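J.: Got input.cif for you, mmCIF, C-alpha atoms:
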data_structure
#
loop_
_atom_site.label_atom_id
_atom_site.label_comp_id
_atom_site.auth_asym_id
_atom_site.auth_seq_id
_atom_site.Cartn_x
_atom_site.Cartn_y
_atom_site.Cartn_z
CA MET D 147 -3.61 -3.23 36.97
CA ALA D 148 -0.02 -4.14 36.32
CA SER D 149 0.89 -0.46 36.12
CA ARG D 150 -0.57 2.96 36.83
CA ARG D 151 0.00 4.13 33.25
CA ASN D 152 -2.68 3.54 30.67
CA LEU D 153 -2.21 0.22 28.93
CA THR D 154 -2.39 -0.14 25.18
CA ASP D 155 -5.14 -2.32 23.75
CA ALA D 156 -2.61 -5.09 23.10
CA GLU D 157 -1.27 -4.88 26.66
CA THR D 158 -4.80 -4.92 28.05
CA LEU D 159 -5.65 -8.04 26.07
CA GLU D 160 -2.50 -9.77 27.29
CA LEU D 161 -3.21 -8.82 30.90
CA TYR D 162 -6.73 -10.19 30.69
CA ARG D 163 -5.56 -13.36 28.94
CA VAL D 164 -3.01 -14.07 31.67
CA SER D 165 -5.48 -13.25 34.42
CA LEU D 166 -8.21 -15.53 33.12
CA GLU D 167 -5.85 -18.34 32.20
CA ASN D 168 -4.20 -18.38 35.62
CA ALA D 169 -7.58 -18.08 37.34
CA ASN D 170 -8.72 -21.18 35.45
CA LYS D 171 -5.52 -23.20 35.82
CA GLN D 172 -4.33 -22.38 39.35
CA PRO D 173 -6.31 -24.72 41.66
CA GLN D 174 -6.15 -22.50 44.75
CA ILE D 175 -7.26 -19.40 42.87
CA LYS D 176 -9.99 -21.34 41.09
CA ALA D 177 -11.33 -22.72 44.36
CA ILE D 178 -11.44 -19.31 46.05
CA LEU D 179 -13.07 -17.60 43.07
CA THR D 180 -15.62 -20.39 42.73
CA GLU D 181 -16.70 -19.80 46.35
CA LEU D 182 -17.16 -16.11 45.49
CA GLY D 183 -19.41 -16.82 42.51
CA TYR D 184 -16.88 -17.13 39.73
CA ASP D 185 -17.56 -20.73 38.85
CA THR D 186 -16.91 -22.45 35.52
CA ALA D 187 -19.97 -20.91 33.85
CA VAL D 188 -19.15 -17.36 34.95
CA MET D 189 -15.49 -17.73 33.98
CA ALA D 190 -16.64 -18.96 30.56
CA GLU D 191 -18.41 -15.62 30.15
CA GLY D 192 -15.13 -13.80 30.72
CA ASN D 193 -13.28 -16.03 28.29
CA ALA D 194 -15.98 -15.49 25.67
CA LEU D 195 -15.72 -11.72 26.10
CA LEU D 196 -11.95 -11.94 25.76
CA SER D 197 -12.29 -13.95 22.56
CA GLU D 198 -14.78 -11.45 21.12
CA THR D 199 -12.55 -8.53 22.05
CA ARG D 200 -9.51 -10.20 20.52
CA LYS D 201 -11.39 -10.73 17.26
CA ALA D 202 -12.59 -7.13 17.22
CA TYR D 203 -9.07 -5.89 17.92
CA ASP D 204 -7.54 -8.03 15.15
CA TYR D 205 -10.25 -6.99 12.68
CA ASN D 206 -9.65 -3.33 13.52
CA ARG D 207 -5.92 -3.72 12.92
CA ILE D 208 -6.56 -5.32 9.53
CA GLU D 209 -8.90 -2.49 8.54
CA ASP D 210 -6.39 0.12 9.74
CA ASP D 211 -3.63 -1.53 7.69
CA GLU D 212 -5.86 -1.62 4.62
CA THR D 213 -6.71 2.05 5.11
CA SER D 214 -3.03 2.96 5.38
CA ALA D 215 -2.24 1.01 2.22
CA ALA D 216 -5.12 2.63 0.33
CA TYR D 217 -4.04 6.10 1.44
CA ALA D 218 -0.43 5.42 0.44
CA HIS D 219 -1.59 4.35 -3.03
CA PHE D 220 -3.81 7.43 -3.34
CA SER D 221 -0.98 9.73 -2.20
CA LYS D 222 1.46 8.16 -4.67
CA LEU D 223 -0.89 8.71 -7.61
CA LYS D 224 -1.68 12.25 -6.47
CA ALA D 225 2.02 13.11 -6.28
CA GLU D 226 2.56 11.58 -9.72
CA LEU D 227 -0.27 13.61 -11.25
CA GLU D 228 0.87 16.76 -9.46
CA GLY D 229 4.33 16.33 -10.95
CA ILE D 230 3.29 15.98 -14.59
CA PHE D 231 0.37 18.42 -14.39
CA ASP D 232 2.64 21.12 -13.01
CA ILE D 233 5.04 20.73 -15.94
CA HIS D 234 2.29 20.45 -18.55
CA ARG D 235 0.47 23.46 -17.12
CA LYS D 236 3.61 25.60 -17.18
CA LYS D 237 4.23 24.71 -20.82
CA ALA D 238 0.63 25.51 -21.73
CA LYS D 239 0.78 28.86 -19.91
CA VAL D 240 3.79 29.84 -22.03
CA ILE D 241 2.11 28.75 -25.26
CA PHE D 242 -1.23 30.44 -24.55
CA ARG D 243 -0.03 33.48 -22.58
CA LYS D 244 -1.39 35.75 -25.33
CA ASP D 245 -4.56 33.71 -25.80
CA PRO D 246 -6.66 34.22 -22.63
CA VAL D 247 -9.72 32.53 -24.12
CA THR D 248 -7.91 29.22 -24.67
CA ALA D 249 -6.09 29.68 -21.35
CA ASP D 250 -9.46 29.88 -19.61
CA GLN D 251 -10.73 26.85 -21.52
CA LEU D 252 -7.70 24.89 -20.27
CA ALA D 253 -8.14 26.25 -16.72
CA ILE D 254 -4.56 27.54 -16.62
CA SER D 255 -5.30 31.21 -15.95
CA GLY D 256 -3.97 32.38 -12.60
CA PRO D 257 -2.13 30.32 -9.99
CA MET D 258 -2.50 26.58 -9.41
CA PRO D 259 -5.55 25.87 -7.19
CA ARG D 260 -4.61 24.82 -3.65
CA THR D 261 -7.59 22.75 -2.52
CA TYR D 262 -7.79 19.16 -3.71
CA MET D 263 -11.14 19.35 -5.50
CA LYS D 264 -10.38 22.62 -7.30
CA TRP D 265 -6.96 21.30 -8.28
CA LEU D 266 -8.44 18.05 -9.57
CA GLU D 267 -11.17 19.85 -11.53
CA SER D 268 -8.49 22.08 -13.05
CA ALA D 269 -6.49 19.01 -14.14
CA LYS D 270 -9.61 17.30 -15.51
CA LYS D 271 -10.53 20.34 -17.55
CA PHE D 272 -6.98 20.80 -18.84
CA TYR D 273 -6.53 17.22 -20.01
CA GLY D 274 -10.14 16.86 -21.13
CA VAL D 275 -10.01 19.91 -23.41
CA ALA D 276 -6.53 19.13 -24.70
CA ALA D 277 -7.56 15.57 -25.59
CA THR D 278 -10.51 16.70 -27.73
CA ASP D 279 -9.19 19.90 -29.36
CA GLN D 280 -6.73 19.17 -32.15
CA ASP D 281 -5.80 22.82 -32.53
CA VAL D 282 -4.79 22.93 -28.85
CA LEU D 283 -2.81 19.71 -29.27
CA ASN D 284 -1.00 21.09 -32.28
CA LYS D 285 0.08 24.18 -30.36
CA LEU D 286 1.11 22.19 -27.30
CA ALA D 287 3.34 20.05 -29.50
CA ARG D 288 5.65 23.04 -29.90
CA LEU D 289 6.96 22.38 -26.38
CA LYS D 290 6.92 18.60 -26.82
CA LEU D 291 3.59 18.12 -25.11
CA GLY D 292 1.83 15.54 -27.25
CA ALA D 293 -1.28 13.37 -27.33
CA ALA D 294 0.47 10.58 -25.39
CA ASP D 295 1.25 13.01 -22.54
CA ILE D 296 -2.37 14.18 -22.45
CA ALA D 297 -3.58 10.57 -22.44
CA THR D 298 -1.24 9.83 -19.53
CA GLY D 299 -2.72 12.74 -17.60
CA ASN D 300 -6.30 11.58 -18.21
CA ALA D 301 -5.40 8.01 -17.23
CA LEU D 302 -3.82 9.20 -13.99
CA ILE D 303 -6.91 11.23 -13.15
CA ASN D 304 -9.08 8.12 -13.53
CA GLU D 305 -6.68 6.07 -11.39
CA LEU D 306 -6.56 8.81 -8.77
CA GLU D 307 -10.34 9.04 -8.50
CA THR D 308 -10.60 5.27 -8.16
CA ALA D 309 -7.87 5.26 -5.51
CA ARG D 310 -9.56 8.03 -3.53
CA THR D 311 -12.87 6.16 -3.62
CA GLU D 312 -11.13 3.04 -2.34
CA TYR D 313 -9.35 5.00 0.39
CA LEU D 314 -12.56 6.62 1.62
CA ARG D 315 -14.30 3.23 1.64
CA GLU D 316 -11.47 1.68 3.65
CA LYS D 317 -11.44 4.67 5.99
CA GLY D 318 -15.15 4.23 6.69
CA GLU D 319 -14.72 0.52 7.32
CA SER D 320 -11.80 1.25 9.64
CA GLN D 321 -13.82 3.76 11.63
CA ASP D 322 -16.67 1.26 11.94
CA ALA D 323 -14.22 -1.44 13.06
CA THR D 324 -12.82 0.96 15.67
CA LYS D 325 -16.30 1.53 17.10
CA LEU D 326 -16.86 -2.23 17.32
CA LYS D 327 -13.48 -2.71 18.98
CA ASP D 328 -14.10 0.08 21.48
CA ALA D 329 -17.50 -1.39 22.36
CA ALA D 330 -15.95 -4.81 22.90
CA PHE D 331 -13.22 -3.36 25.14
CA SER D 332 -15.82 -1.44 27.13
CA LYS D 333 -17.72 -4.66 27.85
CA ILE D 334 -14.71 -6.70 28.90
CA ARG D 335 -13.21 -3.88 30.97
CA ASP D 336 -16.45 -3.71 32.94
CA TRP D 337 -16.45 -7.49 33.45
CA MET D 338 -12.76 -7.63 34.39
CA SER D 339 -13.13 -4.71 36.79
CA ASP D 340 -15.65 -6.70 38.83
CA PHE D 341 -13.47 -9.80 38.50
CA TYR D 342 -10.42 -8.04 39.91
CA GLU D 343 -12.38 -6.53 42.79
CA VAL D 344 -13.66 -9.97 43.79
CA ALA D 345 -10.20 -11.49 43.33
CA LYS D 346 -8.65 -8.86 45.63
CA ILE D 347 -11.17 -9.75 48.30
CA GLY D 348 -10.66 -13.49 47.99
CA LEU D 349 -6.88 -13.36 47.66
CA ASP D 350 -6.24 -10.60 50.19
CA ASP D 351 -4.12 -12.97 52.30
CA SER D 352 -2.29 -14.39 49.26
CA PRO D 353 -0.56 -11.48 47.49
CA GLN D 354 1.57 -13.82 45.37
CA LEU D 355 -1.55 -15.44 43.95
CA LEU D 356 -3.05 -12.03 43.30
CA GLU D 357 0.08 -11.05 41.38
CA SER D 358 -0.35 -14.11 39.18
CA LEU D 359 -3.54 -12.44 37.99
CA GLY D 360 -1.56 -9.38 36.95
CA LYS D 361 -2.34 -7.35 40.07
CA MET D 362 0.73 -5.64 41.46
CA VAL D 363 0.86 -5.76 45.25
CA ARG D 364 2.81 -3.17 47.19
CA SER D 365 5.36 -4.67 49.56
#
Represent the structure contained in this file as structure tokens.
T.:
Amino acid sequence: MASRRNLTDAETLELYRVSLENANKQPQIKAILTELGYDTAVMAEGNALLSETRKAYDYNRIEDDETSAAYAHFSKLKAELEGIFDIHRKKAKVIFRKDPVTADQLAISGPMPRTYMKWLESAKKFYGVAATDQDVLNKLARLKLGAADIATGNALINELETARTEYLREKGESQDATKLKDAAFSKIRDWMSDFYEVAKIGLDDSPQLLESLGKMVRS
């Protein structure tokens, strides 16, 4: 290859593009490769593989970008809910510190759960109970925690769950796209490996022509 280091997917695609294009357009190279079995039909196979790999690579990048965007949206909503839930929970713990039954109903007894699902279930229970129990709402109002605040919390929970579903869907699609891309690269790498071996044989006496295919020749 052009270098001993591992090439990125983008660099690999560019190397193969240059190699195949020069092999098709440089008359001397084309003539030599044709004699060694790489005629127009065989070269068309390589170009088709390159096109397929390029499409798989571009599709994978799109899916990765969509996954990143979905995760960023999910993370933003999670941070927003964490911020208001922490404040609301602290207020409720003060108000119901002598009422363990209600504290348990609101899921505010003990420390804030650390794992995502336990934390989310705690928030859902807190806002769900508060939204349907007028007595709880009346007591929360003492520390300026009203029905609108509870409604905001419930709305954020719904948005967060939707965002997480979308993120996990995008993540799955991205992983599938990565498998397709890797399979495409595996096929073209195998084809190009044979191509380069044949090219080295045919162009052994013409190092400059070999370099036009992206093969570095030691001086």
J.: For Val344 of chain D, which of D:Thr311, D:Trp265, D:Glu167, D:Thr180 is the closest residue, counting only C-alpha atoms?
T.: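 Using only C-alpha atoms, the shortest distance to Val344 of chain D belongs to D:Thr180.
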J.: Show me as a PyMOL selection string the residues that reach within 12 Å of (-7.8, 17.8, -25.8), counting only C-alpha atoms and using the file's own coordinates.
T.: chain D and resi 248+251-252+269-287+291-297+299-300
J.: I would like the residues chosen by the PyMOL selection byres ((chain D and resi 356) around 12) on the shown file; could you give them as a PyMOL selection string?
T.: chain D and resi 147-148+164-166+168-169+172+174-176+178-179+341-355+357-364
J.: Once the PyMOL selection byres ((chain D and resi 204) around 12) is applied to the coordinates I shared, what remains selected? I want it as a ChimeraX atom specification.
T.: /D:155-156,159,197-203,205-211,320,323-324,326-327,330
J.: So, with only C-alpha atoms as the atoms that count, which of D:Glu305, D:Gly192, D:Asn152, D:Ala238 lies closest to Lys222 of chain D?
T.: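 Among D:Glu305, D:Gly192, D:Asn152, D:Ala238, it is D:Glu305 that comes nearest to Lys222 of chain D.
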J.: In Å, with one decimal, what is the gap from atom CA of Asn304 of chain D to atom CA of Gly256 of chain D?
T.: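 Between atom CA of Asn304 of chain D and atom CA of Gly256 of chain D the gap is 24.8 Å.
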J.: Which residue, D:Lys224, D:Lys264, D:Arg163, D:Lys325, has the smallest gap to Glu307 of chain D when you use all atoms listed in the file?
T.: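 Of the candidates, the smallest distance to Glu307 of chain D is held by D:Lys224.
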J.: Report as a list in words the full result of the PyMOL selection byres ((chain D and resi 237) around 12) when it is applied to this structure.
T.: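 Output of the PyMOL selection byres ((chain D and resi 237) around 12): Ile230, Phe231, Asp232, Ile233, His234, Arg235, Lys236, Ala238, Lys239, Val240, Ile241, Phe242, Arg243, Ala249, Leu252, Ile254, Lys285, Leu286, Ala287, Arg288, Leu289, Lys290, Leu291 and Gly292 of chain D.
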J.: Between atom CA of Gly183 of chain D and atom CA of Trp337 of chain D, what is the distance, to one decimal in Å?
T.: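 If I compute the distance from atom CA of Gly183 of chain D to atom CA of Trp337 of chain D, I get 13.3 Å.
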J.: Using all atoms listed in the file, which of D:Leu161, D:Ala218, D:Leu195, D:Met263 sits nearest Ile334 of chain D?
T.: D:Leu195
J.: Between atom CA of Gly229 of chain D and atom CA of Glu312 of chain D, what distance in Å does the model show, to one decimal?
T.: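 So the answer is 22.1 Å.
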J.: Nearest residue to Ala216 of chain D out of D:Thr298, D:Thr261, D:Thr308, D:Ser255, using all atoms listed in the file?
T.: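 Closest candidate: D:Thr308.
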J.: Just checking: using all atoms listed in the file, which residue out of D:Ala309, D:Asp185, D:Leu196, D:Ser268 ends up closest to Asn170 of chain D?
T.: D:Asp185
